[in-house]
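Taking it in order: structure first as structure tokens, then the write-up.
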Amino acid sequence: MNVIIRKATEADFPEILALIKELALFEKAPDKVTNTVEQMQQEKDLFGCFLAVSDNNDILGMALYFFAYYTWVGKSLYLDDIYIKEPYRKQKIGTALLNKVFDVAREENCKRVRWQVLDWNQPAIEMYRKAGAEVDDEWLNCSFGIESIRNFNL
């Protein structure tokens, strides 16, 4: 099977959302996804996405990213999700997607590429370390959802 890595288009948003939901299920948090195709269409200028596609145009996986600014280093690329459908893992598709993301980071003169990995996802952690990533076990994530944002008041 030949795999093509291509930039996603708006027409791909339903399939991207399906992959996001599949990833959330894998990460044991299926009820956390509130995004919609309509929201993705409204916010399409805020993210980029590459898709791994088979010869017969089946979508096998994705890498979704956005640009961020970190005070310590400056312009950075944040890889929000990389996901390969289960039957297609261990076929270097994730590597091909990561290579495209890093191409963008180089082209955009990013000073950092960052993403998160769950502490129980050992195969991914090992792959990232093997590729040279620094996997941080010191920093903790802090998040506020939409209701918490609305009600924020210290």
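Naming scheme: A, B, ... for chains in displayed order of the structure tokens; residues 1 onward per chain; ligands 1 onward as shown.
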Please extract the residues of segment 4-145 of chain A with a backbone DSSP assignment of strand (DSSP E or B) and present them as JSON, numbers by chain. {"A": [4, 5, 6, 7, 48, 49, 50, 51, 52, 53, 54, 59, 60, 61, 62, 63, 64, 65, 66, 67, 68, 69, 70, 74, 75, 76, 77, 78, 79, 80, 81, 82, 83, 84, 112, 113, 114]}
Show me a table, sorted first by chain and then by increasing residue number, of the residues of segment 4-51 of chain A having an atom at most 10 Å from segment 71-89 of chain A, each with its shortest atom pair and the distance in Å to one decimal, counting only C-alpha atoms and written as JSON lines.
```
{"residue": "A:Leu19", "atom": "CA", "partner": "A:Tyr83", "partner_atom": "CA", "distance": 7.3}
{"residue": "A:Ile20", "atom": "CA", "partner": "A:Asp81", "partner_atom": "CA", "distance": 7.9}
{"residue": "A:Glu22", "atom": "CA", "partner": "A:Lys85", "partner_atom": "CA", "distance": 8.2}
{"residue": "A:Leu23", "atom": "CA", "partner": "A:Tyr83", "partner_atom": "CA", "distance": 6.5}
{"residue": "A:Phe26", "atom": "CA", "partner": "A:Glu86", "partner_atom": "CA", "distance": 9.6}
{"residue": "A:Phe47", "atom": "CA", "partner": "A:Asp80", "partner_atom": "CA", "distance": 9.4}
{"residue": "A:Gly48", "atom": "CA", "partner": "A:Leu79", "partner_atom": "CA", "distance": 9.5}
{"residue": "A:Cys49", "atom": "CA", "partner": "A:Asp81", "partner_atom": "CA", "distance": 9.3}
{"residue": "A:Phe50", "atom": "CA", "partner": "A:Ile82", "partner_atom": "CA", "distance": 9.4}
{"residue": "A:Leu51", "atom": "CA", "partner": "A:Ile84", "partner_atom": "CA", "distance": 9.6}
```
Go through A:Ile16, A:Val3, A:Val113, A:Ala8 one by one, measure the shortest atom-to-atom distance of each to Lys92 of chain A using only C-alpha atoms, and give the residue with the smallest value.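 Using only C-alpha atoms, Lys92 of chain A sits closest to A:Val3.
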Determine, for each residue of segment 12-114 of chain A having at least one atom at most 12 Å from an atom of segment 139-151 of chain A, the closest pair of atoms and their separation in Å to one decimal, counting only C-alpha atoms; order by chain and ascending number, as JSON lines.
```
{"residue": "A:Lys32", "atom": "CA", "partner": "A:Gly145", "partner_atom": "CA", "distance": 10.0}
{"residue": "A:Val33", "atom": "CA", "partner": "A:Gly145", "partner_atom": "CA", "distance": 11.4}
{"residue": "A:Thr34", "atom": "CA", "partner": "A:Ile146", "partner_atom": "CA", "distance": 10.4}
{"residue": "A:Asn35", "atom": "CA", "partner": "A:Ile146", "partner_atom": "CA", "distance": 11.9}
```
Please, which residues of segment 82-135 of chain A, numbered as in this document, come out helix (DSSP H, G or I) from DSSP, as a list in words? Glu86, Pro87, Tyr88, Ile93, Gly94, Thr95, Ala96, Leu97, Leu98, Asn99, Lys100, Val101, Phe102, Asp103, Val104, Ala105, Arg106, Glu107, Gln122, Pro123, Ala124, Ile125, Glu126, Met127, Tyr128, Arg129, Lys130 and Ala131 of chain A
Let me make sure I understand: among A:Ala131, A:Asp31, A:Phe152, A:Ile125, which one has the smallest atom-to-atom distance to Asn99 of chain A if we use only C-alpha atoms?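 For Asn99 of chain A, the nearest of the candidates is A:Ala131.
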For atom CA of Thr9 of chain A and atom CA of Val37 of chain A, quote the distance in Å rounded to one decimal.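 Between atom CA of Thr9 of chain A and atom CA of Val37 of chain A the gap is 12.1 Å.
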Computed interatomic separation between atom CA of Glu126 of chain A and atom CA of Glu15 of chain A (Å): 28.1 Å
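With only C-alpha atoms as the atoms that count, the residue of A:Ala29, A:Ala11, A:Ala52, A:Cys110 with the shortest distance to Leu98 of chain A is A:Ala52.
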Could you state the separation of atom CA of Ala124 of chain A and atom CA of Leu17 of chain A in Å, given to one decimal place? 21.6 Å
Selection near segment 119-123 of chain A, 12 Å with only C-alpha atoms, sequence-local residues under 3 positions removed, as a PDB file with C-alpha atoms, in the first residue's frame:
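Listing of part05.pdb after writing:
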```pdb
ATOM      1  CA  PHE A  26      -8.212   5.701  22.596  1.00  0.00           C
ATOM      2  CA  GLU A  27      -7.236   8.249  25.258  1.00  0.00           C
ATOM      3  CA  LYS A  28     -10.202   7.173  27.423  1.00  0.00           C
ATOM      4  CA  ARG A  89       0.082   1.540  13.018  1.00  0.00           C
ATOM      5  CA  LYS A  90       3.718   0.384  12.921  1.00  0.00           C
ATOM      6  CA  GLN A 116       1.831  16.174  24.712  1.00  0.00           C
ATOM      7  CA  GLU A 126       9.663   5.497  23.240  1.00  0.00           C
ATOM      8  CA  MET A 127       9.248   6.572  19.602  1.00  0.00           C
ATOM      9  CA  TYR A 128       9.467  10.262  20.523  1.00  0.00           C
ATOM     10  CA  ARG A 129      12.557   9.737  22.678  1.00  0.00           C
ATOM     11  CA  LYS A 130      14.187   7.690  19.923  1.00  0.00           C
ATOM     12  CA  VAL A 135       9.893  14.122  27.289  1.00  0.00           C
ATOM     13  CA  ASP A 136       9.214  16.313  30.318  1.00  0.00           C
ATOM     14  CA  ASP A 137       7.905  14.704  33.494  1.00  0.00           C
ATOM     15  CA  GLU A 138       8.096  17.866  35.591  1.00  0.00           C
ATOM     16  CA  LEU A 140       1.767  19.715  34.729  1.00  0.00           C
TER      17      LEU A 140
END
```
